[in-house]
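Shown below: data37.pdb, with PDB, C-alpha atoms.
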```
ATOM      1  CA  MET T  11       0.000   0.000   0.000
ATOM      2  CA  THR T  12       1.499   3.354  -1.036
ATOM      3  CA  ASP T  13       1.386   6.565   0.991
ATOM      4  CA  ARG T  14      -1.150   7.930  -1.534
ATOM      5  CA  ASP T  15      -3.389   4.886  -1.012
ATOM      6  CA  THR T  16      -3.187   5.403   2.749
ATOM      7  CA  ARG T  17      -4.178   9.051   2.458
ATOM      8  CA  THR T  18      -7.112   8.179   0.172
ATOM      9  CA  LEU T  19      -8.319   5.606   2.701
ATOM     10  CA  GLU T  20      -7.950   8.130   5.529
ATOM     11  CA  HIS T  21     -10.015  10.726   3.644
ATOM     12  CA  ARG T  22     -12.745   8.188   2.884
ATOM     13  CA  MET T  23     -12.902   7.091   6.504
ATOM     14  CA  GLY T  24     -12.889  10.708   7.646
ATOM     15  CA  ASP T  25     -15.698  11.652   5.258
ATOM     16  CA  TRP T  26     -17.727   8.646   6.418
ATOM     17  CA  ALA T  27     -17.246   9.537  10.108
ATOM     18  CA  ARG T  28     -18.043  13.256   9.689
ATOM     19  CA  ALA T  29     -21.208  12.465   7.737
ATOM     20  CA  ARG T  30     -22.572  10.397  10.643
ATOM     21  CA  LEU T  31     -20.981  11.812  13.785
ATOM     22  CA  PRO T  32     -20.620  15.225  15.449
ATOM     23  CA  PHE T  33     -17.378  16.946  14.447
ATOM     24  CA  ALA T  34     -15.608  16.454  17.795
ATOM     25  CA  VAL T  35     -16.567  12.782  17.968
ATOM     26  CA  ALA T  36     -15.530  12.185  14.359
ATOM     27  CA  GLU T  37     -12.146  13.786  14.994
ATOM     28  CA  LEU T  38     -11.662  11.627  18.103
ATOM     29  CA  VAL T  39     -12.594   8.455  16.216
ATOM     30  CA  MET T  40     -10.175   9.284  13.404
ATOM     31  CA  PHE T  41      -7.448  10.157  15.923
ATOM     32  CA  VAL T  42      -7.789   6.756  17.592
ATOM     33  CA  LEU T  43      -7.860   4.922  14.259
ATOM     34  CA  LYS T  44      -4.771   6.715  12.979
ATOM     35  CA  GLN T  45      -2.949   6.059  16.250
ATOM     36  CA  GLY T  46      -3.806   2.371  15.871
ATOM     37  CA  TRP T  47      -2.506   2.423  12.302
ATOM     38  CA  ALA T  48       0.738   4.091  13.432
ATOM     39  CA  CYS T  49       1.398   1.479  16.143
ATOM     40  CA  LEU T  50       0.487  -1.477  13.897
ATOM     41  CA  PHE T  51       3.858  -3.216  14.287
ATOM     42  CA  GLY T  52       3.741  -2.998  18.093
ATOM     43  CA  ALA T  53       0.093  -4.087  18.214
ATOM     44  CA  LEU T  54       0.790  -7.142  16.050
ATOM     45  CA  LEU T  55       3.814  -8.054  18.174
ATOM     46  CA  LEU T  56       1.689  -7.741  21.320
ATOM     47  CA  LEU T  57      -0.951 -10.000  19.755
ATOM     48  CA  ALA T  58       1.791 -12.501  18.926
ATOM     49  CA  ILE T  59       2.916 -12.490  22.560
ATOM     50  CA  LEU T  60      -0.655 -13.071  23.764
ATOM     51  CA  GLY T  61      -1.445 -15.644  21.090
ATOM     52  CA  THR T  62       1.659 -17.750  21.603
ATOM     53  CA  LYS T  63       1.163 -17.688  25.368
ATOM     54  CA  ALA T  64      -2.381 -19.017  24.916
ATOM     55  CA  ILE T  65      -1.542 -21.914  22.602
ATOM     56  CA  TRP T  66       2.131 -22.839  23.044
ATOM     57  CA  GLN T  67       3.003 -26.243  24.479
ATOM     58  CA  PRO T  68       6.325 -27.074  26.194
ATOM     59  CA  ASP T  69       6.851 -30.213  24.096
ATOM     60  CA  TRP T  70       6.581 -28.433  20.741
ATOM     61  CA  PRO T  71       9.828 -28.595  18.705
ATOM     62  CA  LEU T  72      10.004 -24.802  18.355
ATOM     63  CA  HIS T  73      10.443 -22.697  21.485
ATOM     64  CA  ARG T  74       7.980 -19.853  22.014
ATOM     65  CA  TYR T  75      10.744 -17.220  22.152
ATOM     66  CA  ASP T  76      12.139 -18.506  18.841
ATOM     67  CA  ALA T  77       8.675 -18.377  17.269
ATOM     68  CA  LEU T  78       8.312 -14.755  18.403
ATOM     69  CA  PHE T  79      11.695 -13.957  16.876
ATOM     70  CA  LEU T  80      10.721 -15.479  13.526
ATOM     71  CA  ILE T  81       7.302 -13.779  13.611
ATOM     72  CA  ALA T  82       8.943 -10.411  14.259
ATOM     73  CA  ILE T  83      11.357 -10.868  11.348
ATOM     74  CA  ALA T  84       8.506 -11.880   9.040
ATOM     75  CA  MET T  85       6.502  -8.828  10.113
ATOM     76  CA  GLN T  86       9.420  -6.525   9.400
ATOM     77  CA  VAL T  87       9.907  -8.011   5.925
ATOM     78  CA  ILE T  88       6.180  -7.680   5.148
ATOM     79  CA  PHE T  89       6.098  -4.069   6.354
ATOM     80  CA  LEU T  90       8.953  -3.143   4.023
ATOM     81  CA  TRP T  91       7.643  -5.198   1.094
ATOM     82  CA  THR T  92       4.168  -3.642   1.316
ATOM     83  CA  LYS T  93       5.669  -0.174   1.945
ATOM     84  CA  LEU T  94       3.919   0.129   5.294
ATOM     85  CA  GLU T  95       7.344   1.328   6.390
ATOM     86  CA  THR T  96       9.883   3.258   4.371
ATOM     87  CA  TRP T  97      13.583   2.402   4.232
ATOM     88  CA  GLU T  98      14.251   5.621   6.135
ATOM     89  CA  GLU T  99      11.988   4.373   8.906
ATOM     90  CA  ALA T 100      13.763   0.999   8.749
ATOM     91  CA  ARG T 101      17.033   2.754   9.603
ATOM     92  CA  VAL T 102      15.355   4.286  12.650
ATOM     93  CA  ILE T 103      14.079   0.863  13.677
ATOM     94  CA  LEU T 104      17.549  -0.652  13.306
ATOM     95  CA  LEU T 105      18.973   1.964  15.679
ATOM     96  CA  PHE T 106      16.267   1.113  18.205
ATOM     97  CA  HIS T 107      16.982  -2.579  17.825
ATOM     98  CA  LEU T 108      20.699  -2.112  18.533
ATOM     99  CA  THR T 109      20.337   0.286  21.481
ATOM    100  CA  GLY T 110      17.449  -1.737  22.933
ATOM    101  CA  THR T 111      19.314  -5.042  22.733
ATOM    102  CA  ALA T 112      22.368  -3.480  24.403
ATOM    103  CA  MET T 113      20.148  -2.286  27.252
ATOM    104  CA  GLU T 114      18.531  -5.718  27.536
ATOM    105  CA  TRP T 115      21.906  -7.443  27.886
ATOM    106  CA  PHE T 116      22.969  -5.056  30.627
ATOM    107  CA  LYS T 117      19.680  -5.059  32.550
ATOM    108  CA  VAL T 118      19.272  -8.832  32.450
ATOM    109  CA  GLY T 119      22.888  -9.232  33.542
ATOM    110  CA  ALA T 120      22.261  -6.792  36.408
ATOM    111  CA  GLY T 121      19.213  -8.789  37.514
ATOM    112  CA  SER T 122      16.616  -6.083  36.780
ATOM    113  CA  TRP T 123      14.431  -8.563  34.886
ATOM    114  CA  ALA T 124      14.676 -12.016  33.350
ATOM    115  CA  TYR T 125      13.364 -14.102  30.459
ATOM    116  CA  PRO T 126      12.451 -17.463  32.050
ATOM    117  CA  GLU T 127      11.696 -19.549  28.947
ATOM    118  CA  PRO T 128      14.246 -21.448  26.803
ATOM    119  CA  GLY T 129      15.197 -20.513  23.270
ATOM    120  CA  ILE T 130      17.809 -21.159  20.617
ATOM    121  CA  PHE T 131      17.811 -17.500  19.508
ATOM    122  CA  LYS T 132      18.812 -16.364  22.988
ATOM    123  CA  LEU T 133      22.093 -14.622  23.737
ATOM    124  CA  MET T 134      23.409 -13.710  27.207
ATOM    125  CA  GLY T 135      20.019 -14.579  28.683
ATOM    126  CA  VAL T 136      18.155 -12.300  26.266
ATOM    127  CA  PRO T 137      15.912 -13.706  23.501
ATOM    128  CA  LEU T 138      16.602 -11.911  20.246
ATOM    129  CA  PHE T 139      12.931 -11.042  19.713
ATOM    130  CA  SER T 140      13.251  -8.565  22.602
ATOM    131  CA  GLY T 141      15.087  -6.132  20.327
ATOM    132  CA  PHE T 142      11.951  -5.970  18.197
ATOM    133  CA  MET T 143       9.991  -4.671  21.187
ATOM    134  CA  TYR T 144      12.198  -1.592  21.132
ATOM    135  CA  ALA T 145      11.995  -1.577  17.340
ATOM    136  CA  ALA T 146       8.198  -1.432  17.728
ATOM    137  CA  VAL T 147       8.599   1.843  19.631
ATOM    138  CA  GLY T 148      10.810   3.147  16.840
ATOM    139  CA  SER T 149       8.313   1.999  14.226
ATOM    140  CA  TYR T 150       5.517   3.838  16.019
ATOM    141  CA  MET T 151       7.560   7.026  16.400
ATOM    142  CA  ALA T 152       8.518   7.133  12.732
ATOM    143  CA  ARG T 153       5.065   6.180  11.438
ATOM    144  CA  VAL T 154       3.044   8.467  13.712
ATOM    145  CA  ILE T 155       5.033  11.494  12.528
ATOM    146  CA  ARG T 156       4.231  10.586   8.919
ATOM    147  CA  VAL T 157       0.607   9.512   9.477
ATOM    148  CA  PHE T 158      -0.301  12.721  11.320
ATOM    149  CA  ASP T 159       1.915  15.092   9.275
ATOM    150  CA  MET T 160       3.455  16.163  12.568
ATOM    151  CA  ALA T 161       5.510  19.289  13.155
ATOM    152  CA  PHE T 162       7.438  20.089  16.344
ATOM    153  CA  ALA T 163       7.819  23.763  17.186
ATOM    154  CA  PRO T 164       9.491  25.694  18.603
ATOM    155  CA  TYR T 165      12.063  22.924  18.759
ATOM    156  CA  PRO T 166      15.059  23.306  21.098
ATOM    157  CA  ARG T 167      18.621  23.445  19.840
ATOM    158  CA  PHE T 168      19.366  20.016  18.433
ATOM    159  CA  PRO T 169      22.681  19.415  20.282
ATOM    160  CA  LEU T 170      20.896  19.977  23.609
ATOM    161  CA  THR T 171      18.252  17.375  22.760
ATOM    162  CA  VAL T 172      20.953  14.838  21.868
ATOM    163  CA  LEU T 173      22.819  15.614  25.100
ATOM    164  CA  LEU T 174      19.673  15.076  27.189
ATOM    165  CA  ALA T 175      18.825  11.827  25.388
ATOM    166  CA  ALA T 176      22.385  10.576  25.931
ATOM    167  CA  ALA T 177      22.199  11.459  29.632
ATOM    168  CA  ILE T 178      18.914   9.560  29.960
ATOM    169  CA  TYR T 179      20.297   6.511  28.164
ATOM    170  CA  VAL T 180      23.512   6.480  30.203
ATOM    171  CA  ASN T 181      21.550   6.823  33.449
ATOM    172  CA  PHE T 182      19.648   3.603  32.650
ATOM    173  CA  PHE T 183      23.048   1.887  33.042
ATOM    174  CA  ALA T 184      24.840   4.141  35.514
ATOM    175  CA  HIS T 185      22.185   4.225  38.246
ATOM    176  CA  HIS T 186      23.224   0.689  39.216
ATOM    177  CA  ILE T 187      26.539   2.027  40.519
ATOM    178  CA  LEU T 188      26.002   5.799  40.774
ATOM    179  CA  PRO T 189      23.182   7.963  42.210
ATOM    180  CA  ASP T 190      20.017   7.854  40.107
ATOM    181  CA  ILE T 191      19.510  11.268  38.507
ATOM    182  CA  ARG T 192      16.029  10.591  37.141
ATOM    183  CA  PRO T 193      14.404  13.445  39.147
ATOM    184  CA  ALA T 194      16.810  15.905  37.509
ATOM    185  CA  LEU T 195      16.155  14.340  34.109
ATOM    186  CA  PHE T 196      12.382  14.743  34.566
ATOM    187  CA  VAL T 197      12.905  18.438  35.264
ATOM    188  CA  ALA T 198      15.257  18.726  32.286
ATOM    189  CA  THR T 199      12.681  17.288  29.863
ATOM    190  CA  VAL T 200      10.124  19.906  30.883
ATOM    191  CA  ALA T 201      12.683  22.723  30.895
ATOM    192  CA  LEU T 202      13.942  21.829  27.419
ATOM    193  CA  TYR T 203      10.678  20.789  25.732
ATOM    194  CA  GLY T 204       8.095  22.710  27.780
ATOM    195  CA  ARG T 205       7.467  25.258  25.012
ATOM    196  CA  THR T 206       7.466  22.698  22.191
ATOM    197  CA  ARG T 207       4.114  21.908  20.637
ATOM    198  CA  ILE T 208       3.390  18.851  18.558
ATOM    199  CA  TRP T 209       1.214  19.984  15.652
ATOM    200  CA  PHE T 210      -0.724  17.147  14.049
ATOM    201  CA  ARG T 211      -3.402  16.824  11.379
ATOM    202  CA  ILE T 212      -6.319  14.452  11.828
ATOM    203  CA  HIS T 213      -8.074  15.353   8.547
ATOM    204  CA  ASP T 214      -7.955  18.905   7.239
ATOM    205  CA  ARG T 215      -7.484  20.702  10.537
ATOM    206  CA  HIS T 216      -4.358  20.928  12.703
ATOM    207  CA  TRP T 217      -4.352  20.404  16.457
ATOM    208  CA  TRP T 218      -1.533  20.700  18.953
ATOM    209  CA  MET T 219      -0.382  19.149  22.193
ATOM    210  CA  PRO T 220       2.565  20.025  24.477
ATOM    211  CA  LEU T 221       5.379  17.572  23.788
ATOM    212  CA  PRO T 222       5.824  16.548  27.478
ATOM    213  CA  VAL T 223       2.104  15.678  27.649
ATOM    214  CA  ALA T 224       2.400  13.526  24.535
ATOM    215  CA  ALA T 225       5.489  11.854  26.017
ATOM    216  CA  PHE T 226       3.576  10.992  29.194
ATOM    217  CA  LEU T 227       0.615   9.560  27.256
ATOM    218  CA  SER T 228       2.985   7.478  25.119
ATOM    219  CA  ALA T 229       4.714   6.243  28.274
ATOM    220  CA  LEU T 230       1.360   5.262  29.747
ATOM    221  CA  ALA T 231       0.545   3.167  26.669
ATOM    222  CA  LEU T 232       3.957   1.476  26.893
ATOM    223  CA  TRP T 233       3.437   0.763  30.596
ATOM    224  CA  VAL T 234       0.109  -0.938  29.785
ATOM    225  CA  ALA T 235       1.814  -3.027  27.084
ATOM    226  CA  GLU T 236       4.545  -3.923  29.558
ATOM    227  CA  ASN T 237       1.920  -5.252  31.943
ATOM    228  CA  VAL T 238       0.738  -7.544  29.154
ATOM    229  CA  GLY T 239       4.290  -8.836  28.798
ATOM    230  CA  THR T 240       4.705  -9.625  32.491
ATOM    231  CA  ALA T 241       1.169 -11.024  32.807
ATOM    232  CA  THR T 242       1.995 -13.582  30.101
ATOM    233  CA  GLY T 243       5.304 -14.428  31.771
ATOM    234  CA  THR T 244       7.248 -13.360  28.697
ATOM    235  CA  TRP T 245       9.582 -11.471  31.020
ATOM    236  CA  ILE T 246       9.548 -11.037  34.791
ATOM    237  CA  TYR T 247      10.880  -8.188  36.919
ATOM    238  CA  SER T 248      13.082  -8.957  39.888
ATOM    239  CA  GLY T 249      10.908  -9.337  42.975
ATOM    240  CA  GLN T 250       7.649  -9.175  41.021
ATOM    241  CA  ILE T 251       4.968 -11.563  42.274
ATOM    242  CA  GLN T 252       2.941 -13.476  39.694
ATOM    243  CA  GLY T 253      -0.176 -11.495  38.824
ATOM    244  CA  GLU T 254       1.265  -8.277  40.270
ATOM    245  CA  MET T 255       1.135  -5.158  38.123
ATOM    246  CA  VAL T 256       4.323  -3.492  36.981
ATOM    247  CA  SER T 257       5.375  -0.754  39.401
ATOM    248  CA  PHE T 258       4.218   2.764  38.580
ATOM    249  CA  ALA T 259       7.870   3.763  38.932
ATOM    250  CA  LYS T 260       8.407   2.059  35.569
ATOM    251  CA  LEU T 261       6.054   4.639  34.055
ATOM    252  CA  GLY T 262       8.722   7.251  34.782
ATOM    253  CA  SER T 263      11.347   5.094  33.092
ATOM    254  CA  TRP T 264       9.180   4.782  29.995
ATOM    255  CA  TYR T 265       8.555   8.547  30.033
ATOM    256  CA  LEU T 266      12.289   9.168  29.852
ATOM    257  CA  LEU T 267      12.805   6.425  27.273
ATOM    258  CA  VAL T 268      10.249   8.128  24.993
ATOM    259  CA  TYR T 269      12.623  11.101  24.721
ATOM    260  CA  VAL T 270      15.490   8.783  23.810
ATOM    261  CA  ALA T 271      13.221   7.204  21.197
ATOM    262  CA  PHE T 272      12.156  10.542  19.771
ATOM    263  CA  VAL T 273      15.703  11.897  19.507
ATOM    264  CA  THR T 274      16.791   8.639  17.870
ATOM    265  CA  VAL T 275      14.213   9.315  15.147
ATOM    266  CA  THR T 276      15.557  12.851  14.679
ATOM    267  CA  LEU T 277      19.067  11.475  14.139
ATOM    268  CA  VAL T 278      17.763  10.009  10.874
ATOM    269  CA  THR T 279      15.265  12.656   9.806
ATOM    270  CA  ARG T 280      14.596  16.206  11.028
ATOM    271  CA  ARG T 281      12.057  17.415   8.495
ATOM    272  CA  ALA T 282       9.365  17.824  11.160
ATOM    273  CA  LEU T 283      11.509  20.009  13.448
ATOM    274  CA  HIS T 284      11.038  23.790  13.371
ATOM    275  CA  ALA T 285      13.063  26.273  15.401
ATOM    276  CA  ARG T 286      10.280  28.904  15.320
ATOM    277  CA  ALA T 287       6.771  28.629  16.730
ATOM    278  CA  LEU T 288       3.984  27.720  14.296
ATOM    279  CA  ASP T 289       0.392  28.847  13.917
ATOM    280  CA  PRO T 290      -2.440  27.427  11.785
ATOM    281  CA  GLY T 291      -2.980  29.488   8.653
ATOM    282  CA  PRO T 292      -6.353  30.524   7.185
ATOM    283  CA  SER T 293      -6.363  27.659   4.698
ATOM    284  CA  GLY T 294      -5.543  24.999   7.284
ATOM    285  CA  GLU T 295      -1.759  24.814   6.806
ATOM    286  CA  ILE T 296       0.599  25.653   9.675
ATOM    287  CA  LEU T 297       2.859  28.658   9.219
ATOM    288  CA  ALA T 298       5.890  30.007  11.081
ATOM    289  CA  LYS T 299       5.140  32.980  13.303
ATOM    290  CA  SER T 300       6.580  36.203  12.044
TER     291      SER T 300
END
```
If you took the structure in this file and wrote it as structure tokens, what would it be?
Amino acid sequence: MTDRDTRTLEHRMGDWARARLPFAVAELVMFVLKQGWACLFGALLLLAILGTKAIWQPDWPLHRYDALFLIAIAMQVIFLWTKLETWEEARVILLFHLTGTAMEWFKVGAGSWAYPEPGIFKLMGVPLFSGFMYAAVGSYMARVIRVFDMAFAPYPRFPLTVLLAAAIYVNFFAHHILPDIRPALFVATVALYGRTRIWFRIHDRHWWMPLPVAAFLSALALWVAENVGTATGTWIYSGQIQGEMVSFAKLGSWYLLVYVAFVTVTLVTRRALHARALDPGPSGEILAKS
């Protein structure tokens, strides 16, 4: 499916919704549908985790973790073949895969969490499908920017955003031996991005949301998905009792990781970043403030 086909489908769905629903409700419905379309890779991977947990038997010749690895690879190939993802987005996803797998090796080695099931495609205690869970975040980030024609403005100086993302990423490792600086990092995200608005188009009208608010909502969705992972026993946190929800403290970790994810996307493409504030123009486009 090409980008033009996707836009035609979006317009048809939008026209259908606006003809039958009040404007605000139609916009909300289309927002949810487009969000679902943007996170398609992650949603399918989550369904694979749930589905394999429901049907997998210990005596089957293929381990569940290995099946998830092969499913994830097949999904990635299909996404590229059908042009659901661009090669530019694939580069973003590869970066996520590498940085995510490195974090998994360290965290599992440090005892933060564990993968209890066996697998052939498992290295240093980490099944290789786990890198695709981070890749799913990258896929969503890249696709949601394209699907919603997003613009970020006024965007902070790029070197500062990279420095903050690097500090967040390093702290995920360093807090095991040094003081945890997450409180300072929370403050830094608001100080740096507090003025930045995410402009997005649902149909023919642009809306905006403060970037830190969007980061929190994204983190909340990731925290819910993480609860699915632990509920199915796919991975288990140290000290977590079976059936226990993931600690709310992990929500803060995901909030910070969203900024790392976003900056990783901007390392590949920066077309959506604008140094000056934007305003919606009379014909629906967004224009730089004079």
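Among the candidates T:Thr244, T:Thr92, T:Ser122, T:Thr276, the one nearest to Gly148 of chain T when counting all atoms listed in the file is T:Thr276.
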Spatial neighbours of segment 154-159 of chain T, max dist 10 Å, all atoms listed in the file, sep filter under 5 positions, as a PyMOL selection string: chain T and resi 13+16-17+20+41+44-49+99+148-149+208-213+216+275+282
What would the selection look like, as JSON, numbers by chain, if the PyMOL selection byres ((chain T and resi 54-64) around 10) were run on the coordinates I just shared? {"T": [49, 50, 51, 52, 53, 65, 66, 67, 74, 75, 77, 78, 79, 81, 82, 85, 139, 142, 143, 146, 235, 236, 238, 239, 241, 242, 243, 244]}
What does the distance between atom CA of Tyr165 of chain T and atom CA of Ala285 of chain T come to in Å, to one decimal place?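 Taking atom CA of Tyr165 of chain T as the start and atom CA of Ala285 of chain T as the end point, the length is 4.8 Å.
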Which residues fall under the PyMOL selection byres ((chain T and resi 198-203) around 12) in this file, as a ChimeraX atom specification? /T:162-175,177-178,191-197,204-208,219-226,262,265-270,272-273,285
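The closest residue to Leu232 of chain T, picked from T:Tyr150, T:Arg286, T:Gln252, T:Ala161 and counting all atoms listed in the file, is T:Tyr150.
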